[in-house]
$ cat coords_29.cif   # mmCIF, N, CA, C and O atoms
data_final
#
loop_
_atom_site.label_atom_id
_atom_site.label_comp_id
_atom_site.auth_asym_id
_atom_site.auth_seq_id
_atom_site.Cartn_x
_atom_site.Cartn_y
_atom_site.Cartn_z
N ALA J 1 38.89 -41.76 -46.34
CA ALA J 1 39.93 -40.90 -46.88
C ALA J 1 41.30 -41.34 -46.38
O ALA J 1 42.25 -41.39 -47.14
N TYR J 2 41.40 -41.67 -45.10
CA TYR J 2 42.68 -42.10 -44.54
C TYR J 2 43.18 -43.36 -45.23
O TYR J 2 44.34 -43.47 -45.60
N LEU J 3 42.28 -44.32 -45.40
CA LEU J 3 42.70 -45.59 -45.99
C LEU J 3 43.07 -45.45 -47.46
O LEU J 3 43.92 -46.17 -47.95
N ALA J 4 42.45 -44.51 -48.15
CA ALA J 4 42.83 -44.27 -49.55
C ALA J 4 44.25 -43.75 -49.62
O ALA J 4 45.01 -44.10 -50.53
N ALA J 5 44.64 -42.93 -48.66
CA ALA J 5 45.99 -42.37 -48.64
C ALA J 5 47.01 -43.34 -48.05
O ALA J 5 48.21 -43.19 -48.28
N HIS J 6 46.54 -44.31 -47.26
CA HIS J 6 47.43 -45.28 -46.59
C HIS J 6 46.92 -46.70 -46.82
O HIS J 6 46.46 -47.36 -45.88
N PRO J 7 47.02 -47.21 -48.04
CA PRO J 7 46.42 -48.51 -48.34
C PRO J 7 47.04 -49.69 -47.58
O PRO J 7 46.42 -50.74 -47.47
N ASP J 8 48.22 -49.51 -47.02
CA ASP J 8 48.86 -50.59 -46.28
C ASP J 8 48.64 -50.48 -44.77
O ASP J 8 49.28 -51.21 -44.00
N ALA J 9 47.76 -49.60 -44.35
CA ALA J 9 47.48 -49.44 -42.92
C ALA J 9 46.93 -50.75 -42.36
O ALA J 9 46.14 -51.42 -43.01
N PRO J 10 47.34 -51.14 -41.17
CA PRO J 10 46.90 -52.42 -40.59
C PRO J 10 45.50 -52.33 -39.98
O PRO J 10 45.33 -52.37 -38.77
N VAL J 11 44.50 -52.19 -40.82
CA VAL J 11 43.11 -52.07 -40.37
C VAL J 11 42.41 -53.41 -40.55
O VAL J 11 42.56 -54.06 -41.58
N VAL J 12 41.65 -53.82 -39.54
CA VAL J 12 40.96 -55.10 -39.61
C VAL J 12 39.46 -54.99 -39.32
O VAL J 12 38.74 -55.97 -39.45
N ALA J 13 38.99 -53.79 -38.93
CA ALA J 13 37.59 -53.66 -38.57
C ALA J 13 37.12 -52.21 -38.68
O ALA J 13 37.94 -51.29 -38.72
N LEU J 14 35.81 -52.04 -38.71
CA LEU J 14 35.19 -50.72 -38.76
C LEU J 14 34.11 -50.69 -37.67
O LEU J 14 33.33 -51.63 -37.53
N ASP J 15 34.08 -49.60 -36.90
CA ASP J 15 33.13 -49.45 -35.81
C ASP J 15 32.50 -48.07 -35.89
O ASP J 15 33.22 -47.06 -35.93
N LEU J 16 31.18 -48.02 -35.95
CA LEU J 16 30.46 -46.74 -35.98
C LEU J 16 29.84 -46.52 -34.61
O LEU J 16 29.03 -47.33 -34.14
N ALA J 17 30.25 -45.45 -33.95
CA ALA J 17 29.72 -45.12 -32.64
C ALA J 17 29.45 -43.63 -32.58
O ALA J 17 30.00 -42.86 -33.36
N GLY J 18 28.59 -43.22 -31.70
CA GLY J 18 28.27 -41.81 -31.54
C GLY J 18 26.78 -41.63 -31.40
O GLY J 18 26.04 -42.59 -31.16
N ALA J 19 26.33 -40.41 -31.56
CA ALA J 19 24.91 -40.09 -31.41
C ALA J 19 24.11 -40.77 -32.51
O ALA J 19 24.34 -40.54 -33.69
N GLU J 20 23.19 -41.64 -32.13
CA GLU J 20 22.37 -42.36 -33.10
C GLU J 20 21.21 -41.50 -33.62
O GLU J 20 20.96 -41.47 -34.82
N LEU J 21 20.51 -40.89 -32.69
CA LEU J 21 19.28 -40.18 -33.03
C LEU J 21 19.59 -39.07 -34.03
O LEU J 21 20.39 -38.19 -33.76
N GLY J 22 18.97 -39.16 -35.20
CA GLY J 22 19.19 -38.17 -36.25
C GLY J 22 20.40 -38.43 -37.12
O GLY J 22 20.70 -37.64 -38.01
N HIS J 23 21.09 -39.52 -36.86
CA HIS J 23 22.28 -39.88 -37.63
C HIS J 23 22.16 -41.34 -38.05
O HIS J 23 22.61 -42.24 -37.33
N CYS J 24 21.56 -41.58 -39.18
CA CYS J 24 21.28 -42.95 -39.63
C CYS J 24 22.56 -43.69 -40.00
O CYS J 24 23.44 -43.16 -40.68
N ALA J 25 22.65 -44.92 -39.57
CA ALA J 25 23.79 -45.76 -39.92
C ALA J 25 23.88 -45.92 -41.44
O ALA J 25 24.98 -46.03 -41.99
N SER J 26 22.74 -45.89 -42.12
CA SER J 26 22.73 -46.07 -43.57
C SER J 26 23.51 -44.98 -44.30
O SER J 26 23.92 -45.17 -45.45
N GLU J 27 23.76 -43.85 -43.64
CA GLU J 27 24.57 -42.79 -44.25
C GLU J 27 26.01 -43.24 -44.46
O GLU J 27 26.76 -42.63 -45.21
N HIS J 28 26.39 -44.32 -43.80
CA HIS J 28 27.77 -44.82 -43.87
C HIS J 28 27.86 -46.12 -44.66
O HIS J 28 28.84 -46.85 -44.56
N ARG J 29 26.85 -46.37 -45.47
CA ARG J 29 26.78 -47.62 -46.24
C ARG J 29 28.02 -47.82 -47.11
O ARG J 29 28.57 -48.93 -47.16
N HIS J 30 28.48 -46.79 -47.78
CA HIS J 30 29.64 -46.93 -48.68
C HIS J 30 30.87 -47.41 -47.92
O HIS J 30 31.58 -48.32 -48.37
N ALA J 31 31.13 -46.81 -46.77
CA ALA J 31 32.29 -47.22 -45.97
C ALA J 31 32.15 -48.67 -45.54
O ALA J 31 33.13 -49.43 -45.57
N TYR J 32 30.94 -49.07 -45.17
CA TYR J 32 30.73 -50.45 -44.74
C TYR J 32 30.79 -51.42 -45.91
O TYR J 32 31.21 -52.57 -45.75
N ASP J 33 30.40 -50.98 -47.10
CA ASP J 33 30.57 -51.81 -48.30
C ASP J 33 32.05 -52.07 -48.55
O ASP J 33 32.45 -53.19 -48.87
N LEU J 34 32.85 -51.02 -48.43
CA LEU J 34 34.30 -51.18 -48.61
C LEU J 34 34.88 -52.12 -47.55
O LEU J 34 35.73 -52.97 -47.85
N ALA J 35 34.42 -51.98 -46.32
CA ALA J 35 34.90 -52.85 -45.25
C ALA J 35 34.51 -54.31 -45.53
O ALA J 35 35.30 -55.23 -45.30
N ALA J 36 33.30 -54.52 -46.02
CA ALA J 36 32.85 -55.88 -46.34
C ALA J 36 33.70 -56.49 -47.45
O ALA J 36 34.04 -57.67 -47.40
N GLU J 37 34.05 -55.68 -48.46
CA GLU J 37 34.89 -56.17 -49.55
C GLU J 37 36.25 -56.65 -49.04
O GLU J 37 36.84 -57.57 -49.60
N GLN J 38 36.73 -56.01 -47.97
CA GLN J 38 38.03 -56.37 -47.39
C GLN J 38 37.90 -57.45 -46.29
O GLN J 38 38.88 -57.81 -45.67
N LEU J 39 36.67 -57.91 -46.07
CA LEU J 39 36.37 -58.93 -45.06
C LEU J 39 36.72 -58.47 -43.64
O LEU J 39 37.08 -59.27 -42.78
N TRP J 40 36.57 -57.17 -43.41
CA TRP J 40 36.80 -56.62 -42.08
C TRP J 40 35.62 -56.94 -41.17
O TRP J 40 34.49 -57.09 -41.62
N GLY J 41 35.87 -56.94 -39.88
CA GLY J 41 34.80 -57.01 -38.91
C GLY J 41 34.04 -55.68 -38.94
O GLY J 41 34.63 -54.63 -39.20
N ARG J 42 32.74 -55.74 -38.68
CA ARG J 42 31.92 -54.53 -38.76
C ARG J 42 30.99 -54.44 -37.55
O ARG J 42 30.17 -55.32 -37.33
N THR J 43 31.15 -53.37 -36.77
CA THR J 43 30.33 -53.11 -35.60
C THR J 43 29.61 -51.78 -35.78
O THR J 43 30.19 -50.83 -36.28
N VAL J 44 28.36 -51.74 -35.38
CA VAL J 44 27.59 -50.49 -35.39
C VAL J 44 26.90 -50.39 -34.03
O VAL J 44 26.25 -51.34 -33.59
N HIS J 45 27.04 -49.26 -33.38
CA HIS J 45 26.33 -49.01 -32.13
C HIS J 45 24.93 -48.54 -32.50
O HIS J 45 24.77 -47.50 -33.14
N ALA J 46 23.94 -49.33 -32.17
CA ALA J 46 22.56 -49.05 -32.57
C ALA J 46 21.62 -49.59 -31.51
O ALA J 46 21.94 -50.51 -30.78
N GLY J 47 20.43 -49.00 -31.46
CA GLY J 47 19.40 -49.52 -30.58
C GLY J 47 19.38 -48.93 -29.19
O GLY J 47 18.58 -49.32 -28.36
N GLU J 48 20.27 -47.99 -28.93
CA GLU J 48 20.26 -47.38 -27.60
C GLU J 48 19.35 -46.16 -27.58
O GLU J 48 18.49 -46.04 -26.73
N ALA J 49 19.53 -45.27 -28.54
CA ALA J 49 18.77 -44.02 -28.55
C ALA J 49 17.71 -43.98 -29.64
O ALA J 49 16.78 -43.19 -29.56
N ASP J 50 17.85 -44.82 -30.66
CA ASP J 50 16.96 -44.68 -31.82
C ASP J 50 16.14 -45.92 -32.11
O ASP J 50 15.52 -46.04 -33.14
N GLY J 51 16.13 -46.89 -31.23
CA GLY J 51 15.22 -48.02 -31.33
C GLY J 51 15.50 -49.01 -32.44
O GLY J 51 16.60 -49.10 -32.99
N LEU J 52 14.46 -49.76 -32.77
CA LEU J 52 14.56 -50.87 -33.71
C LEU J 52 15.05 -50.44 -35.08
O LEU J 52 15.83 -51.14 -35.72
N LEU J 53 14.60 -49.29 -35.57
CA LEU J 53 14.98 -48.86 -36.91
C LEU J 53 16.50 -48.72 -37.03
O LEU J 53 17.09 -49.14 -38.02
N SER J 54 17.15 -48.20 -36.01
CA SER J 54 18.60 -48.06 -36.08
C SER J 54 19.29 -49.42 -36.09
O SER J 54 20.32 -49.61 -36.74
N ILE J 55 18.71 -50.39 -35.40
CA ILE J 55 19.27 -51.74 -35.39
C ILE J 55 19.15 -52.35 -36.78
O ILE J 55 20.09 -52.93 -37.31
N LEU J 56 17.99 -52.20 -37.38
CA LEU J 56 17.79 -52.78 -38.71
C LEU J 56 18.67 -52.10 -39.76
O LEU J 56 19.17 -52.77 -40.67
N GLN J 57 18.87 -50.80 -39.65
CA GLN J 57 19.78 -50.12 -40.58
C GLN J 57 21.20 -50.64 -40.41
O GLN J 57 21.92 -50.83 -41.40
N ALA J 58 21.60 -50.87 -39.18
CA ALA J 58 22.95 -51.39 -38.92
C ALA J 58 23.11 -52.76 -39.57
O ALA J 58 24.16 -53.05 -40.17
N LEU J 59 22.10 -53.60 -39.46
CA LEU J 59 22.19 -54.95 -40.01
C LEU J 59 22.05 -54.96 -41.53
O LEU J 59 22.79 -55.65 -42.22
N ARG J 60 21.11 -54.19 -42.06
CA ARG J 60 20.86 -54.21 -43.51
C ARG J 60 21.80 -53.32 -44.29
O ARG J 60 22.37 -53.75 -45.29
N SER J 61 21.95 -52.08 -43.89
CA SER J 61 22.76 -51.14 -44.67
C SER J 61 24.25 -51.33 -44.45
O SER J 61 25.04 -51.17 -45.37
N CYS J 62 24.62 -51.65 -43.22
CA CYS J 62 26.05 -51.75 -42.88
C CYS J 62 26.53 -53.19 -42.76
O CYS J 62 27.72 -53.41 -42.60
N ARG J 63 25.61 -54.13 -42.84
CA ARG J 63 25.97 -55.55 -42.73
C ARG J 63 26.82 -55.81 -41.48
O ARG J 63 27.85 -56.48 -41.54
N ALA J 64 26.38 -55.22 -40.38
CA ALA J 64 27.12 -55.33 -39.12
C ALA J 64 27.22 -56.78 -38.67
O ALA J 64 26.25 -57.53 -38.75
N HIS J 65 28.39 -57.16 -38.19
CA HIS J 65 28.59 -58.46 -37.55
C HIS J 65 28.21 -58.38 -36.08
O HIS J 65 27.87 -59.39 -35.47
N ARG J 66 28.34 -57.19 -35.53
CA ARG J 66 28.13 -57.00 -34.10
C ARG J 66 27.39 -55.70 -33.86
O ARG J 66 27.64 -54.71 -34.54
N LEU J 67 26.46 -55.70 -32.91
CA LEU J 67 25.76 -54.48 -32.51
C LEU J 67 26.28 -54.06 -31.14
O LEU J 67 26.35 -54.88 -30.23
N GLY J 68 26.61 -52.79 -31.04
CA GLY J 68 26.88 -52.23 -29.72
C GLY J 68 25.53 -51.78 -29.17
O GLY J 68 24.80 -51.09 -29.87
N HIS J 69 25.16 -52.19 -28.03
CA HIS J 69 23.89 -51.88 -27.38
C HIS J 69 22.82 -52.84 -27.90
O HIS J 69 22.81 -53.97 -27.52
N GLY J 70 21.93 -52.38 -28.75
CA GLY J 70 20.90 -53.25 -29.32
C GLY J 70 19.77 -53.62 -28.38
O GLY J 70 18.91 -54.39 -28.75
N PHE J 71 19.74 -53.06 -27.18
CA PHE J 71 18.75 -53.53 -26.22
C PHE J 71 17.33 -53.15 -26.55
O PHE J 71 16.40 -53.76 -26.05
N HIS J 72 17.08 -52.16 -27.42
CA HIS J 72 15.70 -51.82 -27.77
C HIS J 72 15.07 -52.82 -28.73
O HIS J 72 13.90 -52.74 -29.05
N LEU J 73 15.85 -53.78 -29.18
CA LEU J 73 15.31 -54.84 -30.02
C LEU J 73 14.21 -55.58 -29.27
O LEU J 73 13.27 -56.10 -29.86
N PHE J 74 14.32 -55.60 -27.95
CA PHE J 74 13.37 -56.34 -27.13
C PHE J 74 12.44 -55.42 -26.33
O PHE J 74 11.98 -55.79 -25.25
N THR J 75 12.19 -54.23 -26.86
CA THR J 75 11.29 -53.28 -26.21
C THR J 75 10.01 -53.19 -27.06
O THR J 75 9.96 -52.44 -28.02
N PRO J 76 8.99 -53.99 -26.74
CA PRO J 76 7.81 -54.10 -27.60
C PRO J 76 7.14 -52.77 -27.93
O PRO J 76 6.66 -52.58 -29.04
N GLU J 77 7.11 -51.83 -26.99
CA GLU J 77 6.42 -50.57 -27.26
C GLU J 77 7.15 -49.73 -28.33
O GLU J 77 6.57 -48.80 -28.87
N LEU J 78 8.38 -50.07 -28.64
CA LEU J 78 9.12 -49.36 -29.69
C LEU J 78 9.04 -50.07 -31.04
O LEU J 78 9.54 -49.57 -32.03
N VAL J 79 8.39 -51.22 -31.08
CA VAL J 79 8.25 -51.97 -32.32
C VAL J 79 6.79 -51.85 -32.75
O VAL J 79 5.97 -52.70 -32.49
N ASP J 80 6.47 -50.74 -33.42
CA ASP J 80 5.11 -50.50 -33.85
C ASP J 80 4.99 -50.68 -35.37
O ASP J 80 5.98 -50.90 -36.07
N ALA J 81 3.77 -50.59 -35.89
CA ALA J 81 3.52 -50.81 -37.32
C ALA J 81 4.28 -49.81 -38.19
O ALA J 81 4.78 -50.17 -39.25
N ASP J 82 4.38 -48.55 -37.75
CA ASP J 82 5.09 -47.55 -38.54
C ASP J 82 6.57 -47.91 -38.66
O ASP J 82 7.18 -47.75 -39.72
N THR J 83 7.15 -48.41 -37.60
CA THR J 83 8.55 -48.81 -37.63
C THR J 83 8.75 -49.99 -38.57
O THR J 83 9.67 -50.01 -39.38
N VAL J 84 7.86 -50.95 -38.50
CA VAL J 84 7.97 -52.12 -39.36
C VAL J 84 7.83 -51.72 -40.82
O VAL J 84 8.59 -52.19 -41.68
N ARG J 85 6.91 -50.80 -41.14
CA ARG J 85 6.76 -50.32 -42.52
C ARG J 85 8.01 -49.58 -42.98
O ARG J 85 8.35 -49.62 -44.16
N ALA J 86 8.71 -48.93 -42.08
CA ALA J 86 9.90 -48.16 -42.42
C ALA J 86 11.13 -49.03 -42.65
O ALA J 86 12.18 -48.53 -43.01
N LEU J 87 10.99 -50.33 -42.49
CA LEU J 87 12.12 -51.22 -42.62
C LEU J 87 12.71 -51.24 -44.01
O LEU J 87 13.82 -51.69 -44.22
N HIS J 88 12.00 -50.74 -44.95
CA HIS J 88 12.47 -50.76 -46.34
C HIS J 88 13.28 -49.53 -46.68
O HIS J 88 13.35 -49.12 -47.82
N CYS J 89 13.95 -48.93 -45.70
CA CYS J 89 14.75 -47.72 -45.92
C CYS J 89 16.07 -48.06 -46.58
O CYS J 89 16.55 -49.14 -46.56
#

$ encode --input "coords_29.cif" --output "structure tokens"
Amino acid sequence: AYLAAHPDAPVVALDLAGAELGHCASEHRHAYDLAAEQLWGRTVHAGEADGLLSILQALRSCRAHRLGHGFHLFTPELVDADTVRALHC
């Protein structure tokens, strides 16, 4: 909304941070699509509280260039068959 009202604002990147659990990064896909069209840098904080699925949503839905946290990517007990099946979200 801010950028629609201020198209000349000097914005170069988008960063999604906050409570991960229960707040899917994919809910912000439209904003990240707009950021990608403008060739902005894109960061999503994922993988701290919500595991592998949040990391994959950040990469697939938001096309993140950078992950904040991401350490659960290497936590084998959080990478189960149900999570892998859910990758098609």

$ atom_distance --input "coords_29.cif" --atom1 "CA of Leu52 in chain J" --atom2 "atom C of Ala31 in chain J"
21.3 Å

$ atom_distance --input "coords_29.cif" --atom1 "CA of His65 in chain J" --atom2 "CA of Glu27 in chain J"
17.5 Å

$ residues_around --input "coords_29.cif" --residues "range 37-47 of chain J" --least-positions-apart "2" --cutoff "6 Å" --atoms "all atoms listed in the file" --output "PyMOL selection string"
chain J and resi 12-18+20+32-35+49-52+54-55+58+62-73

$ axis_aligned_box --input "coords_29.cif" --around "range 29-48 of chain J" --padding-each-side "3 Å" --output "lines of an AutoDock Vina configuration file"
center_x = 28.7
center_y = -52.7
center_z = -38.2
size_x = 26.4
size_y = 19.2
size_z = 28.9

$ atom_distance --input "coords_29.cif" --atom1 "CA of His6 in chain J" --atom2 "CA of Arg60 in chain J"
28.2 Å
